[in-house]
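Data block for query01.tsv (TSV, C-alpha atoms):
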chain	number	residue	atom	x	y	z
Y	298	MET	CA	158.14	-105.75	143.53
Y	299	PRO	CA	154.95	-103.67	143.01
Y	300	ILE	CA	152.38	-102.94	145.67
Y	301	SER	CA	148.67	-102.44	144.91
Y	302	PRO	CA	147.11	-100.24	145.97
Y	303	ASN	CA	149.98	-98.06	147.11
Y	304	GLN	CA	147.76	-95.89	149.30
Y	305	GLY	CA	145.07	-96.44	151.88
Y	306	SER	CA	143.25	-95.21	154.94
Y	307	SER	CA	145.24	-93.88	157.87
Y	308	GLY	CA	142.93	-95.99	160.02
Y	309	GLY	CA	144.21	-99.16	158.36
Y	310	GLY	CA	142.07	-101.94	156.98
Y	311	THR	CA	143.10	-101.65	153.32
Y	312	THR	CA	143.63	-104.93	151.46
Y	313	VAL	CA	147.07	-104.69	149.83
Y	314	THR	CA	148.74	-107.14	147.46
Y	315	ILE	CA	152.51	-107.22	147.04
Y	316	THR	CA	153.88	-109.11	144.06
Y	317	GLY	CA	157.40	-110.29	143.30
Y	318	THR	CA	159.54	-113.41	143.44
Y	319	ASN	CA	160.50	-115.83	146.20
Y	320	LEU	CA	157.70	-114.58	148.45
Y	321	GLY	CA	156.46	-117.99	149.57
Y	322	GLY	CA	156.46	-118.69	153.29
Y	323	ALA	CA	156.32	-115.00	154.21
Y	324	THR	CA	156.65	-114.62	157.96
Y	325	ALA	CA	156.09	-110.85	158.25
Y	326	VAL	CA	155.04	-107.82	156.23
Y	327	ARG	CA	155.85	-104.51	157.85
Y	328	PHE	CA	154.40	-101.06	157.13
Y	329	GLY	CA	157.04	-98.90	158.71
Y	330	THR	CA	157.43	-100.37	162.17
Y	331	LYS	CA	153.99	-102.02	162.24
Y	332	THR	CA	153.24	-105.58	161.21
Y	333	ALA	CA	150.37	-106.25	158.81
Y	334	ALA	CA	148.05	-109.26	158.98
Y	335	ILE	CA	148.84	-111.72	156.17
Y	336	THR	CA	145.70	-113.08	154.51
Y	337	GLY	CA	147.19	-114.79	151.45
Y	338	ASN	CA	150.59	-115.96	150.29
Y	339	THR	CA	152.04	-117.60	147.16
Y	340	PRO	CA	155.58	-117.72	145.77
Y	341	THR	CA	154.80	-114.57	143.76
Y	342	SER	CA	152.45	-112.58	146.02
Y	343	VAL	CA	151.52	-111.66	149.55
Y	344	THR	CA	148.13	-110.21	150.47
Y	345	VAL	CA	147.82	-108.29	153.72
Y	346	ILE	CA	145.52	-105.97	155.65
Y	347	SER	CA	147.31	-102.68	156.27
Y	348	PRO	CA	147.75	-101.50	159.86
Y	349	SER	CA	146.99	-97.91	160.85
Y	350	GLY	CA	149.56	-95.25	160.11
Y	351	SER	CA	150.30	-91.84	158.65
Y	352	GLY	CA	152.34	-90.32	155.88
Y	353	ALA	CA	154.57	-92.41	153.63
Y	354	VAL	CA	156.03	-95.62	155.05
Y	355	PRO	CA	158.33	-98.36	153.68
Y	356	VAL	CA	156.77	-101.79	153.19
Y	357	THR	CA	158.95	-104.90	153.42
Y	358	VAL	CA	158.32	-108.63	153.18
Y	359	THR	CA	160.27	-111.06	155.33
Y	360	THR	CA	160.62	-114.73	154.33
Y	361	PRO	CA	162.97	-117.48	155.50
Y	362	GLY	CA	165.31	-116.18	152.81
Y	363	GLY	CA	165.53	-112.66	154.24
Y	364	THR	CA	163.85	-109.27	153.97
Y	365	SER	CA	162.93	-107.61	150.69
Y	366	ASN	CA	163.74	-104.16	149.43
Y	367	PRO	CA	161.19	-101.55	150.64
Y	368	LEU	CA	158.23	-100.18	148.71
Y	369	GLN	CA	156.41	-96.96	149.51
Y	370	PHE	CA	152.87	-96.96	150.88
Y	371	PHE	CA	151.01	-93.69	151.44
Y	372	TYR	CA	148.47	-93.24	154.20
Y	373	VAL	CA	145.53	-90.98	153.35
Y	374	GLY	CA	143.30	-89.33	155.94
Y	375	ALA	CA	139.54	-89.78	155.83
Y	376	PRO	CA	137.71	-87.18	153.72
Y	377	PHE	CA	135.83	-84.28	155.27
Y	378	LYS	CA	132.79	-82.76	153.63
Y	379	SER	CA	131.77	-79.23	154.51
Y	380	SER	CA	128.92	-78.62	152.07
Y	381	LEU	CA	127.06	-79.73	148.98
Y	382	SER	CA	125.05	-77.65	146.54
Y	383	PRO	CA	122.31	-77.83	145.52
Y	384	VAL	CA	120.78	-79.80	148.39
Y	385	THR	CA	117.62	-80.84	146.55
Y	386	GLY	CA	116.75	-82.21	143.13
Y	387	VAL	CA	114.39	-84.33	141.09
Y	388	THR	CA	113.74	-87.94	142.08
Y	389	ALA	CA	114.73	-88.95	138.55
Y	390	GLY	CA	118.26	-87.67	139.24
Y	391	GLY	CA	120.53	-86.29	136.54
Y	392	ASN	CA	121.44	-82.92	138.03
Y	393	THR	CA	124.99	-82.03	139.06
Y	394	VAL	CA	125.95	-81.54	142.70
Y	395	THR	CA	129.16	-79.91	143.95
Y	396	ILE	CA	130.70	-81.23	147.17
Y	397	ASN	CA	133.27	-79.14	149.04
Y	398	GLY	CA	135.60	-80.32	151.79
Y	399	THR	CA	139.13	-81.69	152.23
Y	400	GLY	CA	140.84	-84.93	151.32
Y	401	LEU	CA	138.66	-85.42	148.24
Y	402	SER	CA	141.37	-85.90	145.59
Y	403	THR	CA	141.23	-89.72	145.75
Y	404	ALA	CA	137.43	-89.95	145.73
Y	405	THR	CA	136.19	-93.01	143.85
Y	406	SER	CA	132.47	-92.95	144.61
Y	407	VAL	CA	129.67	-90.88	146.10
Y	408	SER	CA	126.65	-92.62	147.59
Y	409	PHE	CA	123.18	-91.09	147.71
Y	410	GLY	CA	121.21	-93.22	150.14
Y	411	GLY	CA	123.08	-96.34	149.05
Y	412	VAL	CA	122.98	-95.63	145.31
Y	413	THR	CA	126.50	-94.84	144.11
Y	414	ALA	CA	127.78	-92.53	141.42
Y	415	THR	CA	131.28	-91.84	140.09
Y	416	PRO	CA	132.49	-88.30	140.86
Y	417	THR	CA	134.70	-85.92	138.91
Y	418	VAL	CA	137.49	-84.63	141.15
Y	419	VAL	CA	138.13	-80.92	140.66
Y	420	ASN	CA	140.82	-80.69	143.33
Y	421	ASP	CA	141.46	-81.89	146.88
Y	422	GLY	CA	138.78	-79.53	148.16
Y	423	GLN	CA	136.02	-80.07	145.61
Y	424	LEU	CA	134.33	-82.65	143.45
Y	425	THR	CA	131.24	-82.77	141.27
Y	426	VAL	CA	128.89	-85.68	140.74
Y	427	THR	CA	125.79	-86.44	138.70
Y	428	VAL	CA	123.02	-87.43	141.09
Y	429	PRO	CA	121.63	-90.94	140.49
Y	430	ALA	CA	117.90	-91.60	140.50
Y	431	GLY	CA	116.34	-91.89	143.94
Y	432	ALA	CA	114.05	-94.66	145.12
Y	433	ALA	CA	111.50	-92.17	146.43
Y	434	ALA	CA	111.08	-88.53	147.41
Y	435	GLY	CA	112.71	-87.55	150.69
Y	436	PRO	CA	116.11	-86.98	152.31
Y	437	VAL	CA	119.04	-89.39	151.93
Y	438	GLY	CA	122.51	-89.44	153.41
Y	439	VAL	CA	125.45	-88.57	151.15
Y	440	SER	CA	128.79	-90.32	151.67
Y	441	VAL	CA	132.10	-89.93	149.86
Y	442	THR	CA	134.56	-92.83	149.57
Y	443	THR	CA	138.25	-92.09	149.06
Y	444	ALA	CA	141.50	-93.97	149.57
Y	445	GLY	CA	141.33	-92.61	153.10
Y	446	GLY	CA	137.94	-94.09	153.90
Y	447	THR	CA	134.30	-93.11	153.80
Y	448	ASN	CA	132.77	-89.99	155.31
Y	449	ASN	CA	129.10	-89.06	155.48
Y	450	GLY	CA	127.08	-86.50	157.42
Y	451	LEU	CA	125.52	-84.49	154.61
Y	452	SER	CA	121.97	-84.84	153.35
Y	453	TYR	CA	120.34	-84.51	149.93
Y	454	THR	CA	116.59	-84.37	149.39
Y	455	TYR	CA	114.89	-85.95	146.40
Y	456	VAL	CA	111.77	-84.06	145.28
Y	457	ASP	CA	109.06	-85.46	143.03
Y	458	ALA	CA	108.23	-83.51	139.87
Y	459	PRO	CA	105.19	-81.21	140.16
Y	460	THR	CA	101.93	-81.50	138.28
Y	461	VAL	CA	99.30	-78.86	137.51
Y	462	ALA	CA	95.73	-80.18	137.43
Y	463	SER	CA	93.72	-76.97	137.12
Y	464	LEU	CA	93.61	-73.17	137.33
Y	465	ASN	CA	90.57	-71.55	138.89
Y	466	PRO	CA	89.62	-69.30	137.24
Y	467	ASN	CA	91.45	-70.12	134.04
Y	468	SER	CA	90.80	-66.74	132.40
Y	469	GLY	CA	90.89	-63.07	133.29
Y	470	PRO	CA	91.48	-59.58	131.92
Y	471	ALA	CA	94.64	-58.76	129.99
Y	472	SER	CA	95.31	-56.01	132.52
Y	473	GLY	CA	96.10	-58.69	135.12
Y	474	GLY	CA	95.17	-58.67	138.79
Y	475	THR	CA	93.11	-61.89	138.75
Y	476	ALA	CA	93.51	-64.09	141.85
Y	477	VAL	CA	94.00	-67.64	140.60
Y	478	THR	CA	94.24	-70.88	142.56
Y	479	ILE	CA	96.53	-73.48	140.98
Y	480	THR	CA	95.92	-77.04	142.13
Y	481	GLY	CA	98.15	-80.04	141.48
Y	482	THR	CA	100.74	-82.14	143.28
Y	483	ASN	CA	104.25	-81.61	144.73
Y	484	LEU	CA	103.87	-77.83	144.77
Y	485	SER	CA	105.29	-77.08	148.22
Y	486	THR	CA	108.79	-76.25	146.89
Y	487	THR	CA	107.52	-73.84	144.23
Y	488	GLN	CA	110.22	-71.34	143.29
Y	489	SER	CA	108.42	-69.34	140.62
Y	490	VAL	CA	105.18	-69.03	138.66
Y	491	ALA	CA	105.19	-67.39	135.23
Y	492	PHE	CA	102.38	-66.42	132.86
Y	493	GLY	CA	104.10	-66.60	129.53
Y	494	ALA	CA	107.48	-65.01	130.21
Y	495	THR	CA	106.20	-62.77	133.02
Y	496	LEU	CA	106.74	-63.79	136.64
Y	497	ALA	CA	103.75	-63.57	138.97
Y	498	PRO	CA	103.56	-63.11	142.75
Y	499	PHE	CA	102.47	-66.34	144.46
Y	500	THR	CA	101.85	-67.94	147.84
Y	501	VAL	CA	102.17	-71.66	148.51
Y	502	ILE	CA	99.05	-72.81	150.33
Y	503	SER	CA	99.89	-76.49	150.53
Y	504	ASP	CA	101.60	-79.25	148.58
Y	505	THR	CA	98.56	-79.31	146.31
Y	506	SER	CA	97.66	-75.63	146.04
Y	507	ILE	CA	99.18	-72.26	145.11
Y	508	SER	CA	97.55	-68.84	145.14
Y	509	VAL	CA	98.79	-66.47	142.43
Y	510	VAL	CA	97.87	-63.05	141.03
Y	511	THR	CA	98.05	-62.74	137.26
Y	512	PRO	CA	100.43	-60.14	135.85
Y	513	PRO	CA	99.28	-57.99	132.92
Y	514	THR	CA	100.23	-59.09	129.43
Y	515	PRO	CA	103.37	-57.32	128.17
Y	516	ASP	CA	101.51	-55.35	125.51
Y	517	GLY	CA	98.02	-55.42	126.94
Y	518	SER	CA	96.81	-57.86	124.28
Y	519	PRO	CA	94.41	-60.73	125.07
Y	520	GLY	CA	95.16	-64.35	124.22
Y	521	PRO	CA	96.34	-67.67	125.67
Y	522	ALA	CA	99.29	-67.86	128.05
Y	523	THR	CA	101.21	-70.90	129.26
Y	524	VAL	CA	101.48	-70.94	133.04
Y	525	THR	CA	104.78	-72.43	134.18
Y	526	VAL	CA	105.27	-73.59	137.78
Y	527	THR	CA	108.89	-74.27	138.70
Y	528	THR	CA	109.73	-76.26	141.84
Y	529	SER	CA	112.80	-78.00	143.24
Y	530	GLY	CA	111.47	-81.13	141.56
Y	531	GLY	CA	111.04	-79.72	138.08
Y	532	VAL	CA	108.50	-77.86	135.95
Y	533	ALA	CA	104.75	-78.24	135.32
Y	534	THR	CA	102.53	-76.19	133.04
Y	535	GLY	CA	98.89	-75.15	132.69
Y	536	ASP	CA	96.84	-72.85	130.50
Y	537	PHE	CA	95.35	-69.41	131.17
Y	538	THR	CA	93.48	-67.13	128.76
Y	539	TYR	CA	93.73	-63.35	128.90
Y	540	LEU	CA	90.44	-61.75	127.89
Y	541	ALA	CA	89.89	-58.54	125.98
Y	542	GLY	CA	88.18	-55.72	127.85
Y	543	PRO	CA	84.76	-54.44	126.82
Y	544	GLY	CA	84.45	-51.63	124.30
Y	545	ILE	CA	81.59	-49.24	123.58
What is this file in structure tokens?
Amino acid sequence: MPISPNQGSSGGGTTVTITGTNLGGATAVRFGTKTAAITGNTPTSVTVISPSGSGAVPVTVTTPGGTSNPLQFFYVGAPFKSSLSPVTGVTAGGNTVTINGTGLSTATSVSFGGVTATPTVVNDGQLTVTVPAGAAAGPVGVSVTTAGGTNNGLSYTYVDAPTVASLNPNSGPASGGTAVTITGTNLSTTQSVAFGATLAPFTVISDTSISVVTPPTPDGSPGPATVTVTTSGGVATGDFTYLAGPGI
């Protein structure tokens, strides 16, 4: 006489189906000492809503013909989430987030603002999940659903990818030191600005503007350099030209 599922929330409310023989006319289904609400019954199955409980309990079915042998049902506590990392990512999704907490071993889904993804359980205290695409930039609640229930309380922020529209000026001496204003969109979470492979000091002015000072070229040579702006939402590029100094 199997029982499915054989585990559920300690708060009760899990729909459980018990299958076997001679189950028609069931008068009671007990989880330990508590009686479950019967919602469906045939000669070969009984469907019930589990009562609250804890630990492992025997489940029995009583019919006019007697009481069945017991089956084990395991109560699982609701999950607890202590942290997730990283807490931001691109609106397009696709990056991997790690969630830490307790009671995560039976996790079946993680919801980001109502959009669900299937996690990979590392152990009872940790899981990883690939973030689904978001509807728009901004914060969303993150909830984890396990056999023990659903727990939320953490937040994840979707960030739109940046764009670079212009650099002013877009050229300067190979020795560096040129103050450049980069304009574009979604620049407020800028993490780094690089001219070629060399990082440059920068200041975020607004979501559409960054002030940066050009570094010198590695070997002092003039030429074009790709300017890479990296934000929480991704990467955008622009072009800058290092100029040769005058000679006499």
Find the residues around Pro367 in chain Y up to 12 Å (only C-alpha atoms counted), leave out those fewer than 3 positions away in its own chain, and share them as a compact mmCIF listing (two decimals) with C-alpha atoms, in the coordinates of the input.
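Written output follows (selection_19.txt):
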# COMPACT_ATOMS: atom_id res chain seq x y z
CA MET Y 298 158.14 -105.75 143.53
CA PRO Y 299 154.95 -103.67 143.01
CA ILE Y 300 152.38 -102.94 145.67
CA ILE Y 315 152.51 -107.22 147.04
CA VAL Y 326 155.04 -107.82 156.23
CA ARG Y 327 155.85 -104.51 157.85
CA PHE Y 328 154.40 -101.06 157.13
CA GLY Y 329 157.04 -98.90 158.71
CA ALA Y 353 154.57 -92.41 153.63
CA VAL Y 354 156.03 -95.62 155.05
CA PRO Y 355 158.33 -98.36 153.68
CA VAL Y 356 156.77 -101.79 153.19
CA THR Y 357 158.95 -104.90 153.42
CA VAL Y 358 158.32 -108.63 153.18
CA THR Y 359 160.27 -111.06 155.33
CA THR Y 364 163.85 -109.27 153.97
CA PHE Y 370 152.87 -96.96 150.88
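With only C-alpha atoms as the atoms that count, the minimum distance from Asn483 in chain Y to the choices Y:Val441, Y:Val426, Y:Ala497, Y:Ala533 is reached by Y:Ala533.
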Give me the residues within 8 Å of Ser506 in chain Y as a PyMOL selection string, counting only C-alpha atoms and dropping any in the same chain fewer than 6 places off. chain Y and resi 478-482+484
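Within a radius of 9 Å around (132.0, -86.4, 140.5), the polymer residues are Thr393, Val394, Thr395, Ile396, Ala404, Thr405, Ser406, Val407, Ala414, Thr415, Pro416, Thr417, Val418, Val419, Leu424, Thr425, Val426 and Thr427 of chain Y, counting only C-alpha atoms.
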For range 430-438 of chain Y, find every residue with an atom within 7 Å (counting only C-alpha atoms), except residues of its own chain fewer than 4 positions away, and show them as JSON, numbers by chain. {"Y": [388, 389, 390, 409, 410, 449, 450, 451, 452, 453, 454, 455, 456, 457]}
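Among the candidates Y:Thr534, Y:Val439, Y:Thr339, Y:Ser503, the residue lying nearest to Val384 in chain Y is Y:Val439 (atoms considered: only C-alpha atoms).
Of the listed residues (Y:Ala522, Y:Ile502, Y:Ala476, Y:Val532), Y:Val532 comes nearest to Thr460 in chain Y; the distances count all atoms listed in the file.
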### Task
Would you mind listing what lies within 10 Å of Thr341 in chain Y as a list in words, with only C-alpha atoms counted and same-chain residues fewer than 6 positions away left out?
Met298, Ile315, Thr316, Gly317, Thr318, Asn319, Leu320 and Gly321 of chain Y
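The space separating CA of Phe377 in chain Y from CA of Asn397 in chain Y comes to 8.5 Å.
The spacing separating CA of Asn303 in chain Y from CA of Ala333 in chain Y amounts to 14.3 Å.
Considering all atoms listed in the file, the residue among Y:Pro340, Y:Gly391, Y:Gly310, Y:Pro429 positioned nearest to Gly411 in chain Y is Y:Pro429.
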task = Within 10 Å of Gly535 in chain Y, counting all atoms listed in the file, which residues show up once you throw out same-chain ones fewer than 6 positions away? Write them as a PyMOL selection string, please.
result = chain Y and resi 460-464+467+479+492+522-526
From CA of Thr500 in chain Y to CA of Ser382 in chain Y the spacing works out at 25.2 Å
Given 4 Å on each side, where is the centre and what are the edge lengths in Å to one decimal of the axis-aligned box enclosing the listed atoms of range 437-454 of chain Y, as AutoDock Vina command-line options?
--center_x 129.0 --center_y -89.2 --center_z 153.2 --size_x 32.9 --size_y 17.7 --size_z 16.4
If you count only C-alpha atoms, the residue of Y:Thr495, Y:Thr324, Y:Thr403, Y:Asn392 closest to Ser529 in chain Y turns out to be Y:Asn392
List every protein, DNA or RNA residue that has an atom no more than 10 Å from (112.3, -70.6, 143.8) in the file's coordinate frame, counting all atoms listed in the file, and report them as a count of residues only. 9
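Nearest to Asn465 in chain Y of all the residues Y:Thr443, Y:Thr413, Y:Gln423, Y:Thr538 is Y:Thr538, counting only C-alpha atoms.
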